[in-house]
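File shown: target06.cif (mmCIF, C-alpha atoms).
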data_final
loop_
_atom_site.label_atom_id
_atom_site.label_comp_id
_atom_site.auth_asym_id
_atom_site.auth_seq_id
_atom_site.Cartn_x
_atom_site.Cartn_y
_atom_site.Cartn_z
CA MET A 14 91.31 103.17 127.27
CA PRO A 15 92.82 101.33 124.29
CA HIS A 16 95.45 103.31 122.42
CA PHE A 17 94.25 102.20 118.99
CA PRO A 18 91.20 103.98 117.55
CA SER A 19 89.83 100.72 116.12
CA LEU A 20 89.45 99.28 119.64
CA ASN A 21 86.73 100.26 122.09
CA GLU A 22 86.91 101.03 125.77
CA GLY A 23 86.55 97.75 127.62
CA ASP A 24 88.13 95.70 124.81
CA HIS A 25 90.57 93.06 126.00
CA LEU A 26 93.21 90.79 124.57
CA GLU A 27 90.74 88.97 122.34
CA ALA A 28 89.72 92.19 120.60
CA LEU A 29 93.36 93.23 120.14
CA PHE A 30 94.26 89.88 118.60
CA LYS A 31 91.18 89.88 116.35
CA ARG A 32 92.00 93.38 115.11
CA PHE A 33 95.69 92.53 114.59
CA PRO A 34 95.74 88.80 113.76
CA ARG A 35 99.23 88.63 112.25
CA GLY A 36 101.36 86.29 114.34
CA VAL A 37 98.60 85.34 116.80
CA ALA A 38 98.56 81.59 115.97
CA PRO A 39 102.34 81.15 116.29
CA LEU A 40 102.35 83.35 119.40
CA LEU A 41 99.75 81.15 121.10
CA ALA A 42 101.67 78.03 120.01
CA LEU A 43 104.80 79.57 121.54
CA HIS A 44 102.88 80.20 124.76
CA ASP A 45 101.88 76.52 124.86
CA ASP A 46 105.44 75.41 124.17
CA ILE A 47 106.96 77.63 126.87
CA MET A 48 104.18 77.44 129.45
CA ARG A 49 102.66 73.96 129.03
CA ALA A 50 105.18 71.61 127.37
CA PRO A 51 107.25 69.26 129.56
CA SER A 52 109.84 71.26 131.46
CA ALA A 53 112.20 71.18 134.40
CA LEU A 54 109.76 73.72 135.89
CA SER A 55 106.20 72.81 136.79
CA VAL A 56 103.36 74.61 135.04
CA GLY A 57 102.63 76.30 138.36
CA GLU A 58 106.21 77.55 138.67
CA ARG A 59 106.06 78.91 135.13
CA GLU A 60 102.75 80.66 135.86
CA LEU A 61 104.29 82.09 139.05
CA ILE A 62 107.24 83.42 137.04
CA SER A 63 104.92 84.97 134.44
CA ALA A 64 102.94 86.69 137.20
CA TYR A 65 106.15 87.84 138.88
CA VAL A 66 107.63 89.30 135.68
CA SER A 67 104.33 90.97 134.83
CA GLY A 68 104.12 92.43 138.34
CA LEU A 69 107.70 93.73 138.15
CA ASN A 70 106.83 95.31 134.79
CA ALA A 71 103.62 96.75 136.29
CA CYS A 72 101.50 95.24 133.50
CA ARG A 73 98.11 95.16 135.18
CA PHE A 74 96.51 92.90 132.58
CA CYS A 75 99.19 90.15 132.56
CA PHE A 76 99.79 90.41 136.30
CA GLY A 77 96.08 89.91 136.99
CA ALA A 78 95.75 87.06 134.50
CA HIS A 79 98.82 85.16 135.65
CA LYS A 80 98.26 85.84 139.33
CA ALA A 81 94.93 84.06 138.79
CA MET A 82 96.68 81.28 136.84
CA ALA A 83 99.28 80.88 139.61
CA GLN A 84 96.38 80.60 142.05
CA ALA A 85 95.04 77.70 140.00
CA PHE A 86 98.34 75.93 140.71
CA GLY A 87 98.34 76.55 144.45
CA TYR A 88 99.88 80.01 144.91
CA SER A 89 97.55 82.45 146.66
CA GLN A 90 96.99 85.84 145.10
CA GLU A 91 98.30 87.43 148.33
CA PHE A 92 101.51 85.39 148.02
CA VAL A 93 102.05 86.53 144.43
CA GLU A 94 101.45 90.17 145.40
CA SER A 95 103.93 89.84 148.28
CA LEU A 96 106.47 88.25 145.93
CA VAL A 97 106.33 91.28 143.64
CA HIS A 98 106.25 93.92 146.38
CA ASP A 99 108.54 92.35 148.99
CA GLY A 100 110.80 90.06 146.95
CA PRO A 101 111.17 86.29 147.01
CA ALA A 102 112.88 85.84 150.38
CA ALA A 103 110.55 88.22 152.25
CA ALA A 104 107.45 86.69 150.62
CA GLY A 105 108.30 83.30 152.09
CA VAL A 106 109.16 81.61 148.81
CA GLU A 107 110.57 78.13 149.26
CA PRO A 108 114.37 78.52 149.51
CA LYS A 109 115.09 76.61 146.29
CA LEU A 110 113.01 79.10 144.27
CA VAL A 111 114.67 82.23 145.69
CA PRO A 112 117.79 82.30 143.45
CA LEU A 113 115.73 81.38 140.38
CA LEU A 114 113.30 84.25 141.03
CA ASP A 115 116.21 86.58 141.83
CA TYR A 116 117.66 85.70 138.42
CA VAL A 117 114.31 86.36 136.76
CA ARG A 118 114.10 89.73 138.51
CA GLN A 119 117.59 90.62 137.28
CA ILE A 120 116.86 89.78 133.64
CA THR A 121 113.56 91.65 133.88
CA GLU A 122 114.91 94.84 135.42
CA GLU A 123 118.52 95.02 134.21
CA PRO A 124 119.26 92.18 131.80
CA ALA A 125 122.64 93.53 130.70
CA LYS A 126 123.87 93.41 134.31
CA THR A 127 123.13 89.69 134.77
CA ARG A 128 126.19 87.88 136.13
CA LEU A 129 127.49 84.32 136.02
CA SER A 130 127.41 84.25 139.82
CA GLN A 131 123.62 84.65 139.67
CA ALA A 132 123.33 81.61 137.39
CA GLU A 133 125.69 79.69 139.65
CA ALA A 134 123.41 80.47 142.62
CA VAL A 135 120.51 78.93 140.67
CA TYR A 136 122.54 75.77 140.00
CA ALA A 137 123.73 75.62 143.62
CA ALA A 138 120.08 75.64 144.73
CA GLY A 139 119.55 72.43 142.77
CA TRP A 140 118.13 73.71 139.49
CA SER A 141 119.35 72.38 136.15
CA GLU A 142 120.54 74.38 133.18
CA ASP A 143 117.24 73.41 131.50
CA ALA A 144 115.28 74.93 134.39
CA LEU A 145 117.19 78.20 134.14
CA TYR A 146 116.68 78.30 130.38
CA ASP A 147 112.95 77.67 130.83
CA ALA A 148 112.73 80.44 133.45
CA VAL A 149 114.49 82.83 131.04
CA GLN A 150 112.05 81.83 128.28
CA VAL A 151 109.03 82.55 130.50
CA ALA A 152 110.46 85.90 131.59
CA SER A 153 111.22 86.83 127.98
CA LEU A 154 107.76 85.83 126.76
CA TYR A 155 106.08 87.96 129.40
CA ALA A 156 108.34 90.94 128.81
CA PHE A 157 107.02 90.78 125.23
CA MET A 158 103.40 90.29 126.28
CA ASN A 159 103.57 93.04 128.92
CA ARG A 160 104.76 95.54 126.36
CA THR A 161 102.17 94.41 123.81
CA LEU A 162 99.24 94.81 126.24
CA ASP A 163 100.47 98.02 127.86
CA GLY A 164 101.39 99.50 124.48
CA ALA A 165 97.84 98.80 123.29
CA GLY A 166 96.29 100.23 126.48
CA ILE A 167 94.49 96.99 127.29
CA GLU A 168 93.06 96.89 130.81
CA PRO A 169 92.55 93.80 132.99
CA LYS A 170 89.32 91.86 133.16
CA ALA A 171 87.31 91.78 136.35
CA LEU A 172 87.21 87.96 136.25
CA PHE A 173 90.84 87.79 137.33
CA ALA A 174 89.97 88.89 140.86
CA ASP A 175 88.08 86.06 142.53
CA PRO A 176 87.83 82.87 140.46
CA SER A 177 85.54 80.00 141.47
CA GLU A 178 86.89 76.48 142.03
CA GLU A 179 85.42 75.52 138.66
CA GLU A 180 87.30 78.39 136.99
CA LEU A 181 90.55 77.38 138.74
CA GLU A 182 90.15 73.80 137.47
CA SER A 183 89.49 75.09 133.97
CA ARG A 184 92.66 77.20 134.14
CA ARG A 185 94.76 74.23 135.26
CA ASN A 186 93.62 72.28 132.21
CA SER A 187 93.75 75.06 129.63
CA SER A 188 96.10 75.62 126.76
CA TYR A 189 96.75 78.92 125.05
CA THR A 190 95.90 77.63 121.58
CA GLY A 191 92.70 76.09 123.00
CA TRP A 192 91.79 79.50 124.42
CA GLY A 193 92.59 81.07 121.03
CA ARG A 194 90.31 78.64 119.22
CA LYS A 195 87.51 79.14 121.76
CA ALA A 196 87.87 82.93 121.40
CA GLY A 197 87.72 82.65 117.60
CA LEU A 198 91.28 83.91 117.17
CA ILE A 199 92.64 80.88 115.34
CA ALA A 200 91.15 78.03 113.36
#
What does the file become when written as structure tokens?
Amino acid sequence: MPHFPSLNEGDHLEALFKRFPRGVAPLLALHDDIMRAPSALSVGERELISAYVSGLNACRFCFGAHKAMAQAFGYSQEFVESLVHDGPAAAGVEPKLVPLLDYVRQITEEPAKTRLSQAEAVYAAGWSEDALYDAVQVASLYAFMNRTLDGAGIEPKALFADPSEEELESRRNSSYTGWGRKAGLIA
């Protein structure tokens, strides 16, 4: 049940953003910049990180949405669930991704306790400083989004559960500002 009286039960992100439009356009542009612009991380890796952070934060809406987006880029929903519940190494994450995801977990759960040795492990695995920065940006964006959606009491949509091939293809080619325009959130 939404926590704001002006929203109705069953309302989702679109309704929240329509009711509170301040900052929506720049927020969606920021999403595109962090999640879709050229990066040392693939779009799929960034979607995986957003699902992982959202799962660690127990944000049902963002976890469901980005688990489905990660699926569009080749990560099964079962894999993403295992990543959150069992951790990167136990989930069978490719070895190069393990220290990067461990770093993301650290900054999600206890950011003030992040250590240089954790960054050095990321670099030793073959990631660049740009890749680590991009991973931090994704984790930070979804910490913000998780708190926004949970603070508003927004529940996940049923469509996140079992997308068709057509829906997966649409997700691979989508932008956040394009979604915002289609939803009537921005001009």
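You will find atom CA of Leu41 of chain A at 17.3 Å from atom CA of Ala64 of chain A.
From atom CA of Ser130 of chain A back to atom CA of Glu142 of chain A, the distance works out to 13.7 Å.
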If we count all atoms listed in the file and set the cut-off at 8 Å, which residues sit around Arg118 of chain A, ignoring sequence neighbours fewer than 4 positions away in its own chain? Please answer as number ranges by chain. A: 66, 69, 114, 122
Which residue out of A:Val151, A:Leu29, A:Ala132, A:Leu110 has the minimum interatomic distance to Glu60 of chain A when all atoms listed in the file are used?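 Using all atoms listed in the file, Glu60 of chain A sits closest to A:Val151.
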Just so the selection is clear, what residues does the PyMOL selection byres ((chain A and resi 88) around 12) cover here, as number ranges by chain? A: 56-62, 64-65, 79-87, 89-96, 104-107, 181
Mind dumping segment 83-96 of chain A from that block, keeping all heavy atoms, as an mmCIF file, in the first residue's frame?
data_model
loop_
_atom_site.group_PDB
_atom_site.id
_atom_site.type_symbol
_atom_site.label_atom_id
_atom_site.label_comp_id
_atom_site.auth_asym_id
_atom_site.auth_seq_id
_atom_site.Cartn_x
_atom_site.Cartn_y
_atom_site.Cartn_z
ATOM 1 N N ALA A 83 18.365 -7.703 -15.935
ATOM 2 C CA ALA A 83 19.573 -8.535 -16.016
ATOM 3 C C ALA A 83 19.296 -9.774 -16.860
ATOM 4 O O ALA A 83 20.155 -10.228 -17.634
ATOM 5 C CB ALA A 83 20.049 -8.910 -14.613
ATOM 6 N N GLN A 84 18.093 -10.304 -16.754
ATOM 7 C CA GLN A 84 17.706 -11.459 -17.566
ATOM 8 C C GLN A 84 17.759 -11.104 -19.050
ATOM 9 O O GLN A 84 18.187 -11.920 -19.873
ATOM 10 C CB GLN A 84 16.308 -11.944 -17.190
ATOM 11 C CG GLN A 84 15.866 -13.159 -17.981
ATOM 12 C CD GLN A 84 14.464 -13.612 -17.626
ATOM 13 O OE1 GLN A 84 13.735 -12.942 -16.893
ATOM 14 N NE2 GLN A 84 14.073 -14.755 -18.150
ATOM 15 N N ALA A 85 17.365 -9.905 -19.385
ATOM 16 C CA ALA A 85 17.408 -9.469 -20.782
ATOM 17 C C ALA A 85 18.831 -9.472 -21.324
ATOM 18 O O ALA A 85 19.040 -9.575 -22.523
ATOM 19 C CB ALA A 85 16.789 -8.081 -20.917
ATOM 20 N N PHE A 86 19.812 -9.378 -20.436
ATOM 21 C CA PHE A 86 21.215 -9.360 -20.841
ATOM 22 C C PHE A 86 21.937 -10.670 -20.527
ATOM 23 O O PHE A 86 23.158 -10.721 -20.472
ATOM 24 C CB PHE A 86 21.922 -8.168 -20.204
ATOM 25 C CG PHE A 86 21.452 -6.866 -20.781
ATOM 26 C CD1 PHE A 86 20.449 -6.147 -20.170
ATOM 27 C CD2 PHE A 86 21.976 -6.387 -21.973
ATOM 28 C CE1 PHE A 86 19.980 -4.961 -20.723
ATOM 29 C CE2 PHE A 86 21.525 -5.209 -22.527
ATOM 30 C CZ PHE A 86 20.519 -4.498 -21.900
ATOM 31 N N GLY A 87 21.158 -11.742 -20.325
ATOM 32 C CA GLY A 87 21.745 -13.065 -20.236
ATOM 33 C C GLY A 87 21.926 -13.658 -18.858
ATOM 34 O O GLY A 87 22.457 -14.762 -18.727
ATOM 35 N N TYR A 88 21.513 -12.975 -17.818
ATOM 36 C CA TYR A 88 21.621 -13.513 -16.455
ATOM 37 C C TYR A 88 20.253 -14.057 -16.044
ATOM 38 O O TYR A 88 19.281 -13.313 -16.010
ATOM 39 C CB TYR A 88 22.054 -12.423 -15.468
ATOM 40 C CG TYR A 88 23.417 -11.838 -15.755
ATOM 41 C CD1 TYR A 88 23.554 -10.607 -16.396
ATOM 42 C CD2 TYR A 88 24.572 -12.509 -15.380
ATOM 43 C CE1 TYR A 88 24.809 -10.062 -16.657
ATOM 44 C CE2 TYR A 88 25.827 -11.974 -15.637
ATOM 45 C CZ TYR A 88 25.931 -10.748 -16.273
ATOM 46 O OH TYR A 88 27.173 -10.220 -16.533
ATOM 47 N N SER A 89 20.176 -15.330 -15.709
ATOM 48 C CA SER A 89 18.880 -15.897 -15.324
ATOM 49 C C SER A 89 18.406 -15.288 -14.008
ATOM 50 O O SER A 89 19.207 -14.852 -13.174
ATOM 51 C CB SER A 89 18.974 -17.415 -15.189
ATOM 52 O OG SER A 89 19.659 -17.761 -14.002
ATOM 53 N N GLN A 90 17.090 -15.298 -13.832
ATOM 54 C CA GLN A 90 16.542 -14.780 -12.587
ATOM 55 C C GLN A 90 17.011 -15.619 -11.401
ATOM 56 O O GLN A 90 17.273 -15.080 -10.324
ATOM 57 C CB GLN A 90 15.018 -14.702 -12.680
ATOM 58 C CG GLN A 90 14.584 -13.650 -13.689
ATOM 59 C CD GLN A 90 13.152 -13.208 -13.528
ATOM 60 O OE1 GLN A 90 12.544 -13.338 -12.481
ATOM 61 N NE2 GLN A 90 12.608 -12.623 -14.585
ATOM 62 N N GLU A 91 17.167 -16.929 -11.602
ATOM 63 C CA GLU A 91 17.654 -17.810 -10.531
ATOM 64 C C GLU A 91 19.091 -17.442 -10.143
ATOM 65 O O GLU A 91 19.445 -17.439 -8.970
ATOM 66 C CB GLU A 91 17.581 -19.284 -10.955
ATOM 67 C CG GLU A 91 16.176 -19.801 -11.208
ATOM 68 C CD GLU A 91 15.574 -19.358 -12.543
ATOM 69 O OE1 GLU A 91 16.320 -18.976 -13.473
ATOM 70 O OE2 GLU A 91 14.332 -19.383 -12.648
ATOM 71 N N PHE A 92 19.905 -17.115 -11.142
ATOM 72 C CA PHE A 92 21.288 -16.703 -10.884
ATOM 73 C C PHE A 92 21.313 -15.435 -10.037
ATOM 74 O O PHE A 92 22.065 -15.351 -9.060
ATOM 75 C CB PHE A 92 22.028 -16.482 -12.215
ATOM 76 C CG PHE A 92 23.391 -15.875 -12.052
ATOM 77 C CD1 PHE A 92 24.472 -16.653 -11.682
ATOM 78 C CD2 PHE A 92 23.594 -14.522 -12.272
ATOM 79 C CE1 PHE A 92 25.728 -16.094 -11.518
ATOM 80 C CE2 PHE A 92 24.841 -13.953 -12.115
ATOM 81 C CZ PHE A 92 25.917 -14.737 -11.737
ATOM 82 N N VAL A 93 20.496 -14.452 -10.406
ATOM 83 C CA VAL A 93 20.473 -13.186 -9.671
ATOM 84 C C VAL A 93 20.003 -13.418 -8.232
ATOM 85 O O VAL A 93 20.571 -12.865 -7.286
ATOM 86 C CB VAL A 93 19.601 -12.135 -10.387
ATOM 87 C CG1 VAL A 93 19.513 -10.852 -9.572
ATOM 88 C CG2 VAL A 93 20.142 -11.855 -11.788
ATOM 89 N N GLU A 94 18.991 -14.264 -8.053
ATOM 90 C CA GLU A 94 18.531 -14.570 -6.695
ATOM 91 C C GLU A 94 19.623 -15.255 -5.890
ATOM 92 O O GLU A 94 19.834 -14.937 -4.713
ATOM 93 C CB GLU A 94 17.272 -15.429 -6.764
ATOM 94 C CG GLU A 94 16.075 -14.646 -7.261
ATOM 95 C CD GLU A 94 14.854 -15.503 -7.543
ATOM 96 O OE1 GLU A 94 14.844 -16.698 -7.196
ATOM 97 O OE2 GLU A 94 13.899 -14.955 -8.136
ATOM 98 N N SER A 95 20.346 -16.183 -6.493
ATOM 99 C CA SER A 95 21.447 -16.861 -5.814
ATOM 100 C C SER A 95 22.558 -15.873 -5.460
ATOM 101 O O SER A 95 23.152 -15.954 -4.386
ATOM 102 C CB SER A 95 21.997 -17.994 -6.687
ATOM 103 O OG SER A 95 23.090 -18.611 -6.056
ATOM 104 N N LEU A 96 22.832 -14.947 -6.357
ATOM 105 C CA LEU A 96 23.858 -13.930 -6.100
ATOM 106 C C LEU A 96 23.533 -13.163 -4.822
ATOM 107 O O LEU A 96 24.398 -12.977 -3.960
ATOM 108 C CB LEU A 96 23.930 -12.974 -7.296
ATOM 109 C CG LEU A 96 24.814 -11.749 -7.169
ATOM 110 C CD1 LEU A 96 26.268 -12.145 -6.987
ATOM 111 C CD2 LEU A 96 24.650 -10.858 -8.397
#
